[in-house]
>>> print(open('coords_2.txt').read())   # compact mmCIF, C-alpha atoms
# COMPACT_ATOMS: atom_id res chain seq x y z
CA MET A 1 0.00 0.00 0.00
CA GLU A 2 1.34 3.45 -0.89
CA ILE A 3 1.96 5.95 1.88
CA SER A 4 -0.43 8.40 0.21
CA GLU A 5 -3.19 5.74 0.35
CA ILE A 6 -2.48 5.09 4.03
CA VAL A 7 -2.65 8.79 4.82
CA SER A 8 -5.79 9.21 2.78
CA ASP A 9 -7.52 6.27 4.51
CA LEU A 10 -6.40 7.50 7.91
CA LEU A 11 -7.66 11.02 7.34
CA GLY A 12 -10.98 9.66 6.10
CA ASN A 13 -11.38 7.50 9.21
CA LEU A 14 -10.23 10.31 11.45
CA GLU A 15 -12.68 12.75 9.89
CA GLU A 16 -15.53 10.28 10.40
CA GLN A 17 -14.53 9.61 14.01
CA LEU A 18 -14.10 13.29 14.87
CA GLY A 19 -17.38 14.11 13.14
CA ASP A 20 -19.20 11.54 15.29
CA ASP A 21 -17.57 12.80 18.48
CA ILE A 22 -18.26 16.45 17.73
CA GLY A 23 -21.86 15.47 16.93
CA THR A 24 -22.15 13.80 20.35
CA ILE A 25 -20.77 16.90 22.09
CA ARG A 26 -23.06 19.22 20.13
CA THR A 27 -26.18 17.15 20.92
CA PHE A 28 -25.20 16.92 24.59
CA ALA A 29 -24.49 20.66 24.86
CA SER A 30 -27.74 21.57 23.16
CA SER A 31 -29.81 19.28 25.38
CA GLN A 32 -28.06 20.38 28.58
CA GLY A 33 -28.42 24.04 27.65
CA LYS A 34 -32.18 23.61 27.23
CA LYS A 35 -32.54 21.63 30.47
CA LEU A 36 -30.48 24.11 32.51
CA ALA A 37 -32.48 27.04 31.11
CA ALA A 38 -35.78 25.26 31.83
CA GLN A 39 -34.65 24.53 35.38
CA ALA A 40 -33.66 28.17 35.96
CA LYS A 41 -37.09 29.26 34.68
CA LEU A 42 -38.85 26.74 36.92
CA ILE A 43 -36.91 27.90 39.99
CA ALA A 44 -37.88 31.52 39.22
CA GLU A 45 -41.54 30.60 38.75
CA GLN A 46 -41.67 28.56 41.93
CA ARG A 47 -39.95 31.37 43.84
CA VAL A 48 -42.54 33.92 42.68
CA ALA A 49 -45.64 31.85 43.19
CA GLY A 50 -44.92 28.27 44.15
CA VAL A 51 -43.30 25.98 46.67
CA LEU A 52 -40.18 28.16 46.93
CA ARG A 53 -42.03 31.39 47.77
CA ASP A 54 -41.69 31.09 51.52
CA ASP A 55 -38.95 28.49 51.64
CA ASP A 56 -35.52 30.12 51.51
CA GLU A 57 -33.68 26.93 52.39
CA LEU A 58 -35.21 24.97 49.52
CA PHE A 59 -34.68 27.91 47.17
CA GLU A 60 -30.97 28.03 48.08
CA HIS A 61 -30.75 24.27 47.59
CA PHE A 62 -32.03 24.45 44.01
CA VAL A 63 -29.99 27.53 43.10
CA GLN A 64 -26.79 25.86 44.37
CA SER A 65 -27.72 22.64 42.57
CA LEU A 66 -28.21 24.58 39.31
CA LYS A 67 -24.81 26.24 39.71
CA ASP A 68 -23.12 22.88 40.39
CA ALA A 69 -24.91 21.26 37.45
CA ALA A 70 -23.83 24.06 35.08
CA GLU A 71 -20.21 23.67 36.18
CA ASN A 72 -20.32 19.90 35.85
CA PHE A 73 -21.84 20.30 32.38
CA ALA A 74 -18.86 22.45 31.33
CA ARG A 75 -16.45 19.92 32.86
CA SER A 76 -18.22 17.10 31.01
CA VAL A 77 -17.74 18.94 27.70
CA VAL A 78 -14.02 19.22 28.52
CA MET A 79 -13.91 15.50 29.34
CA LEU A 80 -15.61 14.56 26.05
CA THR A 81 -13.17 16.83 24.19
CA VAL A 82 -10.19 15.15 25.87
CA LEU A 83 -11.65 11.76 24.91
CA THR A 84 -11.79 12.94 21.29
CA ILE A 85 -8.13 14.01 21.47
CA GLU A 86 -7.26 10.57 22.85
CA LYS A 87 -9.07 8.80 20.02
CA ALA A 88 -7.46 10.99 17.36
CA TRP A 89 -3.98 10.43 18.75
CA ASN A 90 -4.40 6.68 19.05
CA ALA A 91 -5.88 6.40 15.57
CA ILE A 92 -2.87 8.20 14.11
CA VAL A 93 -0.34 6.17 16.09
CA ASN A 94 -1.94 2.82 15.38
CA ALA A 95 -2.65 3.38 11.71
CA ILE A 96 0.25 5.44 10.40
CA TRP A 97 3.12 4.01 12.39
CA GLY A 98 1.73 0.48 12.28
CA ALA A 99 1.46 0.68 8.49
CA LEU A 100 4.91 2.18 8.09
CA ASN A 101 6.49 -0.48 10.24
CA GLY A 102 4.56 -3.16 8.39
CA ILE A 103 6.02 -1.94 5.10
CA LEU A 104 9.54 -1.72 6.48
CA GLN A 105 9.39 -5.10 8.17
CA GLY A 106 7.93 -6.65 5.04
CA ALA A 107 11.00 -5.43 3.20
CA GLY A 108 13.25 -6.93 5.88
CA LEU A 109 14.25 -3.50 7.23
CA PRO A 110 14.27 -2.37 10.85
CA SER A 111 11.12 -0.60 11.96
CA VAL A 112 10.89 3.17 11.93
CA PHE A 113 11.01 5.04 15.21
CA ILE A 114 7.72 5.35 17.02
CA PRO A 115 6.72 8.77 18.37
CA GLY A 116 6.20 9.12 22.08
CA PRO A 117 3.11 10.58 23.71
CA PRO A 118 2.18 14.04 22.46
CA SER A 119 4.02 17.00 23.92
CA VAL A 120 1.49 18.74 26.08
CA ASN A 121 3.62 21.31 27.86
CA MET B 1 21.68 -23.57 11.41
CA THR B 2 23.08 -21.18 14.03
CA TYR B 3 22.85 -18.35 11.50
CA MET B 4 19.17 -19.13 10.84
CA LEU B 5 18.40 -19.24 14.56
CA ASN B 6 20.12 -15.91 15.10
CA GLN B 7 18.19 -14.38 12.23
CA TRP B 8 14.89 -15.78 13.58
CA SER B 9 15.69 -14.47 17.07
CA ALA B 10 16.55 -11.06 15.69
CA ARG B 11 13.23 -10.90 13.82
CA LEU B 12 11.32 -12.01 16.91
CA CYS B 13 13.08 -9.37 19.02
CA ALA B 14 12.39 -6.71 16.40
CA PHE B 15 8.71 -7.70 16.35
CA LEU B 16 8.43 -7.68 20.15
CA LEU B 17 10.24 -4.36 20.37
CA CYS B 18 7.96 -2.92 17.72
CA PHE B 19 4.88 -4.22 19.56
CA VAL B 20 6.01 -2.85 22.89
CA MET B 21 6.83 0.54 21.41
CA LEU B 22 3.61 0.70 19.48
CA ALA B 23 1.51 -0.32 22.47
CA GLY B 24 3.43 2.04 24.69
CA CYS B 25 2.79 5.16 22.71
CA THR B 26 -0.96 5.01 22.48
CA VAL B 27 -2.47 7.09 25.25
CA GLN B 28 -5.39 6.88 27.64
CA LEU B 29 -6.51 10.26 28.91
CA VAL B 30 -9.84 9.49 30.60
CA PRO B 31 -11.11 6.42 32.52
CA ALA B 32 -11.83 3.09 30.88
CA TYR B 33 -15.37 2.14 29.87
CA ASP B 34 -17.23 0.26 32.60
CA SER B 35 -20.24 -1.69 31.32
CA VAL B 36 -21.47 -2.28 34.89
CA VAL B 37 -21.79 1.48 35.43
CA VAL B 38 -23.73 1.89 32.19
CA GLU B 39 -26.09 -1.00 33.00
CA LYS B 40 -26.71 0.25 36.53
CA LEU B 41 -27.30 3.78 35.25
CA ASP B 42 -29.92 2.52 32.79
CA THR B 43 -31.80 0.66 35.53
CA LEU B 44 -31.54 3.55 37.98
CA ASN B 45 -32.75 5.97 35.33
CA GLU B 46 -35.87 3.91 34.80
CA ASP B 47 -36.59 3.28 38.49
CA THR B 48 -36.11 6.96 39.37
CA PHE B 49 -38.55 8.20 36.75
CA VAL B 50 -41.10 5.56 37.76
CA LEU B 51 -40.99 6.98 41.30
CA LEU B 52 -41.15 10.60 40.09
CA SER B 53 -44.11 9.79 37.86
CA ALA B 54 -45.96 8.29 40.84
CA LEU B 55 -45.33 11.52 42.78
CA GLU B 56 -45.81 14.13 40.07
CA ASN B 57 -49.23 15.28 41.25
CA GLY B 58 -47.98 15.63 44.81
CA SER B 59 -48.31 13.37 47.84
CA SER B 60 -49.24 13.97 51.48
CA ALA B 61 -46.97 13.40 54.47
CA GLU B 62 -49.33 10.60 55.52
CA GLU B 63 -48.49 8.74 52.32
CA PHE B 64 -44.74 9.00 52.96
CA GLU B 65 -44.46 5.56 54.55
CA ASP B 66 -45.57 3.96 51.30
CA TYR B 67 -42.69 5.58 49.46
CA GLU B 68 -39.91 5.58 52.04
CA PRO B 69 -38.36 2.20 51.08
CA ARG B 70 -38.23 3.26 47.41
CA TYR B 71 -36.49 6.55 48.26
CA ASN B 72 -33.96 4.80 50.48
CA GLU B 73 -33.21 2.09 47.97
CA LEU B 74 -32.65 4.56 45.13
CA ILE B 75 -30.44 6.83 47.27
CA GLY B 76 -28.34 3.84 48.35
CA ARG B 77 -27.92 2.61 44.79
CA PHE B 78 -26.93 6.06 43.51
CA ASP B 79 -24.39 6.44 46.32
CA ALA B 80 -22.92 3.00 45.58
CA LEU B 81 -22.59 3.87 41.89
CA ARG B 82 -20.98 7.21 42.77
CA VAL B 83 -18.38 5.43 44.89
CA ARG B 84 -17.68 2.98 42.05
CA THR B 85 -17.02 5.84 39.59
CA GLU B 86 -15.14 7.91 42.18
CA THR B 87 -12.64 5.17 43.03
CA ARG B 88 -11.76 4.01 39.51
CA HIS B 89 -8.41 4.74 37.91
CA VAL B 90 -8.23 8.15 36.25
CA PRO B 91 -5.17 8.75 34.03
CA THR B 92 -3.52 12.07 34.87
CA LEU B 93 -1.60 12.71 31.63
CA ALA B 94 -4.44 14.90 30.35
CA ASN B 95 -3.89 17.35 33.21
CA ARG B 96 -0.96 18.64 31.17
CA LEU B 97 -3.09 19.38 28.10
CA PRO B 98 -3.66 23.09 27.45
CA VAL B 99 -7.39 22.41 27.07
CA ILE B 100 -7.45 21.42 30.74
CA SER B 101 -4.54 23.24 32.36
CA GLY B 102 -5.77 26.57 30.99
CA LEU B 103 -9.22 26.30 32.50
CA GLU B 104 -9.88 27.62 35.98
CA LEU B 105 -12.92 25.33 36.09
CA CYS B 106 -10.67 22.25 36.01
CA ARG B 107 -8.09 23.40 38.55
CA THR B 108 -9.85 22.46 41.75
CA ASP B 109 -7.54 21.78 44.69
CA ASP B 110 -9.71 19.09 46.24
CA ASN B 111 -10.22 17.19 42.99
CA PRO B 112 -7.37 17.37 40.43
CA THR B 113 -9.29 15.14 38.04
CA ALA B 114 -12.50 17.22 38.07
CA CYS B 115 -12.56 17.47 34.26
CA LEU B 116 -11.54 13.84 33.65
CA ASN B 117 -14.17 12.03 35.70
CA THR B 118 -17.39 14.02 35.90
CA SER B 119 -19.92 11.29 36.69
CA PRO B 120 -19.36 11.23 40.49
CA ALA B 121 -20.44 14.88 40.82
CA ALA B 122 -23.51 14.26 38.65
CA LEU B 123 -24.49 11.18 40.68
CA ARG B 124 -23.90 13.01 43.97
CA ASP B 125 -26.35 15.71 42.89
CA VAL B 126 -29.00 13.17 41.86
CA ALA B 127 -28.77 11.46 45.27
CA SER B 128 -28.95 14.87 46.95
CA GLN B 129 -32.16 15.71 45.07
CA LEU B 130 -33.74 12.41 46.14
CA ARG B 131 -32.72 13.04 49.77
CA THR B 132 -34.25 16.51 49.73
CA LEU B 133 -37.43 15.19 48.13
CA ARG B 134 -37.66 12.37 50.68
CA ASP B 135 -37.12 14.68 53.66
CA ARG B 136 -39.70 17.21 52.40
CA HIS B 137 -42.17 14.43 51.76
CA ARG B 138 -41.75 13.13 55.30
CA ALA B 139 -41.95 16.58 56.93
CA ASN B 140 -44.59 18.45 54.91
CA GLY B 141 -45.75 16.29 52.05
CA LEU B 142 -45.06 17.20 48.44
CA GLU B 143 -46.73 19.56 46.02
CA SER B 144 -46.35 19.10 42.28
CA GLY B 145 -43.82 21.97 42.29
CA ASN B 146 -41.46 20.07 44.62
CA VAL B 147 -41.47 17.09 42.30
CA ALA B 148 -41.05 19.18 39.13
CA LEU B 149 -38.01 20.93 40.61
CA ALA B 150 -36.41 17.65 41.69
CA ARG B 151 -37.21 16.05 38.36
CA GLY B 152 -35.56 18.91 36.43
CA ALA B 153 -32.35 18.67 38.48
CA ILE B 154 -32.27 14.85 38.30
CA GLU B 155 -32.71 14.85 34.50
CA ILE B 156 -29.70 17.15 34.13
CA GLY B 157 -27.47 14.99 36.33
CA LEU B 158 -28.55 11.71 34.78
CA GLU B 159 -27.99 13.01 31.27
CA GLN B 160 -24.46 14.12 32.19
CA ALA B 161 -23.54 10.76 33.69
CA THR B 162 -25.20 8.69 30.95
CA THR B 163 -23.64 10.66 28.07
CA VAL B 164 -20.15 10.56 29.54
CA GLU B 165 -20.24 6.89 30.55
CA ASN B 166 -21.51 5.78 27.15
CA ALA B 167 -18.89 7.89 25.36
CA LEU B 168 -16.11 6.06 27.23
CA GLU B 169 -16.75 2.97 25.09
CA ARG B 170 -14.01 3.59 22.51
>>> encode(input="coords_2.txt", output="structure tokens")
Amino acid sequence: MEISEIVSDLLGNLEEQLGDDIGTIRTFASSQGKKLAAQAKLIAEQRVAGVLRDDDELFEHFVQSLKDAAENFARSVVMLTVLTIEKAWNAIVNAIWGALNGILQGAGLPSVFIPGPPSVN
Amino acid sequence: MTYMLNQWSARLCAFLLCFVMLAGCTVQLVPAYDSVVVEKLDTLNEDTFVLLSALENGSSAEEFEDYEPRYNELIGRFDALRVRTETRHVPTLANRLPVISGLELCRTDDNPTACLNTSPAALRDVASQLRTLRDRHRANGLESGNVALARGAIEIGLEQATTVENALER
């Protein structure tokens, strides 16, 4: 297999994988955004004329819970993004360097050097 | 014969070296997929919404006894699942990624892996909502507003945990 074919196949697979992952993150973010907004609206309504009107403790509980949930939503988006980075890196390492070494070994040559983990400093 | 053996050994060593190097340079940045967590989440999701549906029109304090075992069971199961996700191995390499290290949100002193394992916080909040609902039910009974508020918060937490845990299946 030519190197250009390997690269082309890899990029195609990578594009498909990243597209799926970004789709997951987009769907999740959209759904969470709607749910968080609906919860904020419900808290406001219940504070004005509902079970939270004369209940400061319960009101504080739901406001704090909304704040925590919004932060954990943002952290979850970061986590899903890091997972996508992991998949992209591993796909490149496994496909490109595996294919290159396969070609070199097939020709009876020593394998090419393998890159270490990505520099993240 | 000796020459052939040496050549075979050299090829085997080259293959093993290649395998070790190749395996060693793939990375894992977030926890491994845990099918038990996903299965338990699915069941808990269903059981929680069955309870919330039964309560959605409100319920008096006198009726609390009928529901108490269901509250306690759900809270216990959510806490057990939280502990399972909290105590699993979380790789720390990703803490050096700019996407994480640059975010104030992820630099919490008490939890250095806050952005790499988000399900425990989501599950803690769900259990907290059920505790609050249970205690209100026991003390004053529930109006539909109490249940709607708890339901909204629980849906958010369950969606976070379910999405993340399913995504971990590479």
>>> residues_around(input="coords_2.txt", residues="Ala69 in chain A", least_positions_apart="3", cutoff="12 Å", atoms="only C-alpha atoms", output="number ranges by chain")
A: 32-33, 35-37, 39-40, 62-66, 72-76; B: 118-126, 129, 152-161
>>> closest_atom_pairs(input="coords_2.txt", of="chain B", to="chain A", cutoff="8 Å", atoms="all atoms listed in the file", output="Markdown table")
| residue | atom | partner | partner_atom | distance |
| --- | --- | --- | --- | --- |
| B:Ala14 | CA | A:Pro110 | CA | 7.3 |
| B:Cys18 | CA | A:Ser111 | CA | 7.0 |
| B:Met21 | CA | A:Ile114 | CA | 6.6 |
| B:Leu22 | CA | A:Ile114 | CA | 6.7 |
| B:Cys25 | CA | A:Gly116 | CA | 5.3 |
| B:Thr26 | CA | A:Asn90 | CA | 5.1 |
| B:Val27 | CA | A:Glu86 | CA | 6.4 |
| B:Gln28 | CA | A:Glu86 | CA | 6.3 |
| B:Leu29 | CA | A:Glu86 | CA | 6.1 |
| B:Val30 | CA | A:Leu83 | CA | 6.4 |
| B:Ala94 | CA | A:Val82 | CA | 7.3 |
| B:Arg96 | CA | A:Val120 | CA | 5.6 |
| B:Leu97 | CA | A:Val120 | CA | 5.0 |
| B:Pro98 | CA | A:Val120 | CA | 6.9 |
| B:Val99 | CA | A:Val78 | CA | 7.5 |
| B:Ile100 | CA | A:Val78 | CA | 7.3 |
| B:Leu105 | CA | A:Arg75 | CA | 7.2 |
| B:Cys106 | CA | A:Arg75 | CA | 7.0 |
| B:Ala114 | CA | A:Arg75 | CA | 7.1 |
| B:Cys115 | CA | A:Arg75 | CA | 4.8 |
| B:Leu116 | CA | A:Met79 | CA | 5.2 |
| B:Asn117 | CA | A:Met79 | CA | 7.2 |
| B:Thr118 | CA | A:Ser76 | CA | 5.8 |
| B:Ala121 | CA | A:Asn72 | CA | 7.1 |
| B:Ala122 | CA | A:Asn72 | CA | 7.1 |
| B:Asp125 | CA | A:Ser65 | CA | 7.1 |
| B:Glu143 | CA | A:Val51 | CA | 7.3 |
| B:Gly145 | CA | A:Val51 | CA | 6.0 |
| B:Asn146 | CA | A:Val51 | CA | 6.5 |
| B:Leu149 | CA | A:Leu42 | CA | 6.9 |
| B:Gly152 | CA | A:Gln39 | CA | 5.8 |
| B:Ala153 | CA | A:Gln39 | CA | 7.0 |
| B:Glu155 | CA | A:Lys35 | CA | 7.9 |
| B:Ile156 | CA | A:Lys35 | CA | 6.4 |
| B:Gly157 | CA | A:Ala69 | CA | 6.9 |
| B:Glu159 | CA | A:Gln32 | CA | 7.8 |
| B:Gln160 | CA | A:Phe73 | CA | 6.7 |
| B:Thr163 | CA | A:Phe28 | CA | 7.3 |
| B:Val164 | CA | A:Ser76 | CA | 7.0 |
| B:Ala167 | CA | A:Leu80 | CA | 7.5 |
| B:Leu168 | CA | A:Leu83 | CA | 7.6 |
| B:Arg170 | CA | A:Lys87 | CA | 7.6 |
>>> write_last_selection(input="coords_2.txt", atoms="C-alpha atoms", output="PDB file, keeping the file's coordinate frame")
ATOM      1  CA  ALA B  14      12.390  -6.710  16.400  1.00  0.00           C
ATOM      2  CA  CYS B  18       7.960  -2.920  17.720  1.00  0.00           C
ATOM      3  CA  MET B  21       6.830   0.540  21.410  1.00  0.00           C
ATOM      4  CA  LEU B  22       3.610   0.700  19.480  1.00  0.00           C
ATOM      5  CA  CYS B  25       2.790   5.160  22.710  1.00  0.00           C
ATOM      6  CA  THR B  26      -0.960   5.010  22.480  1.00  0.00           C
ATOM      7  CA  VAL B  27      -2.470   7.090  25.250  1.00  0.00           C
ATOM      8  CA  GLN B  28      -5.390   6.880  27.640  1.00  0.00           C
ATOM      9  CA  LEU B  29      -6.510  10.260  28.910  1.00  0.00           C
ATOM     10  CA  VAL B  30      -9.840   9.490  30.600  1.00  0.00           C
ATOM     11  CA  ALA B  94      -4.440  14.900  30.350  1.00  0.00           C
ATOM     12  CA  ARG B  96      -0.960  18.640  31.170  1.00  0.00           C
ATOM     13  CA  LEU B  97      -3.090  19.380  28.100  1.00  0.00           C
ATOM     14  CA  PRO B  98      -3.660  23.090  27.450  1.00  0.00           C
ATOM     15  CA  VAL B  99      -7.390  22.410  27.070  1.00  0.00           C
ATOM     16  CA  ILE B 100      -7.450  21.420  30.740  1.00  0.00           C
ATOM     17  CA  LEU B 105     -12.920  25.330  36.090  1.00  0.00           C
ATOM     18  CA  CYS B 106     -10.670  22.250  36.010  1.00  0.00           C
ATOM     19  CA  ALA B 114     -12.500  17.220  38.070  1.00  0.00           C
ATOM     20  CA  CYS B 115     -12.560  17.470  34.260  1.00  0.00           C
ATOM     21  CA  LEU B 116     -11.540  13.840  33.650  1.00  0.00           C
ATOM     22  CA  ASN B 117     -14.170  12.030  35.700  1.00  0.00           C
ATOM     23  CA  THR B 118     -17.390  14.020  35.900  1.00  0.00           C
ATOM     24  CA  ALA B 121     -20.440  14.880  40.820  1.00  0.00           C
ATOM     25  CA  ALA B 122     -23.510  14.260  38.650  1.00  0.00           C
ATOM     26  CA  ASP B 125     -26.350  15.710  42.890  1.00  0.00           C
ATOM     27  CA  GLU B 143     -46.730  19.560  46.020  1.00  0.00           C
ATOM     28  CA  GLY B 145     -43.820  21.970  42.290  1.00  0.00           C
ATOM     29  CA  ASN B 146     -41.460  20.070  44.620  1.00  0.00           C
ATOM     30  CA  LEU B 149     -38.010  20.930  40.610  1.00  0.00           C
ATOM     31  CA  GLY B 152     -35.560  18.910  36.430  1.00  0.00           C
ATOM     32  CA  ALA B 153     -32.350  18.670  38.480  1.00  0.00           C
ATOM     33  CA  GLU B 155     -32.710  14.850  34.500  1.00  0.00           C
ATOM     34  CA  ILE B 156     -29.700  17.150  34.130  1.00  0.00           C
ATOM     35  CA  GLY B 157     -27.470  14.990  36.330  1.00  0.00           C
ATOM     36  CA  GLU B 159     -27.990  13.010  31.270  1.00  0.00           C
ATOM     37  CA  GLN B 160     -24.460  14.120  32.190  1.00  0.00           C
ATOM     38  CA  THR B 163     -23.640  10.660  28.070  1.00  0.00           C
ATOM     39  CA  VAL B 164     -20.150  10.560  29.540  1.00  0.00           C
ATOM     40  CA  ALA B 167     -18.890   7.890  25.360  1.00  0.00           C
ATOM     41  CA  LEU B 168     -16.110   6.060  27.230  1.00  0.00           C
ATOM     42  CA  ARG B 170     -14.010   3.590  22.510  1.00  0.00           C
TER      43      ARG B 170
END
>>> atom_distance(input="coords_2.txt", atom1="CA of Leu52 in chain B", atom2="CA of Arg77 in chain B")
16.2 Å
>>> atom_distance(input="coords_2.txt", atom1="CA of His137 in chain B", atom2="CA of Leu55 in chain B")
10.0 Å
>>> atom_distance(input="coords_2.txt", atom1="CA of Glu86 in chain B", atom2="CA of Pro31 in chain B")
10.6 Å
>>> residues_around(input="coords_2.txt", residues="Ser60 in chain B", least_positions_apart="2", cutoff="9 Å", atoms="all atoms listed in the file", output="VMD selection string")
chain B and resid 58 62 to 64 137 to 138 140 to 143
>>> closest_residue(input="coords_2.txt", among="B:Asp109, B:Glu56, B:Glu68, B:Asp34", to="Leu81 in chain B", atoms="all atoms listed in the file")
B:Asp34
>>> axis_aligned_box(input="coords_2.txt", around="range 10-13 of chain A", padding_each_side="8 Å", output="JSON")
{"center_x": -8.9, "center_y": 9.3, "center_z": 7.7, "size_x": 21.0, "size_y": 19.5, "size_z": 19.1}
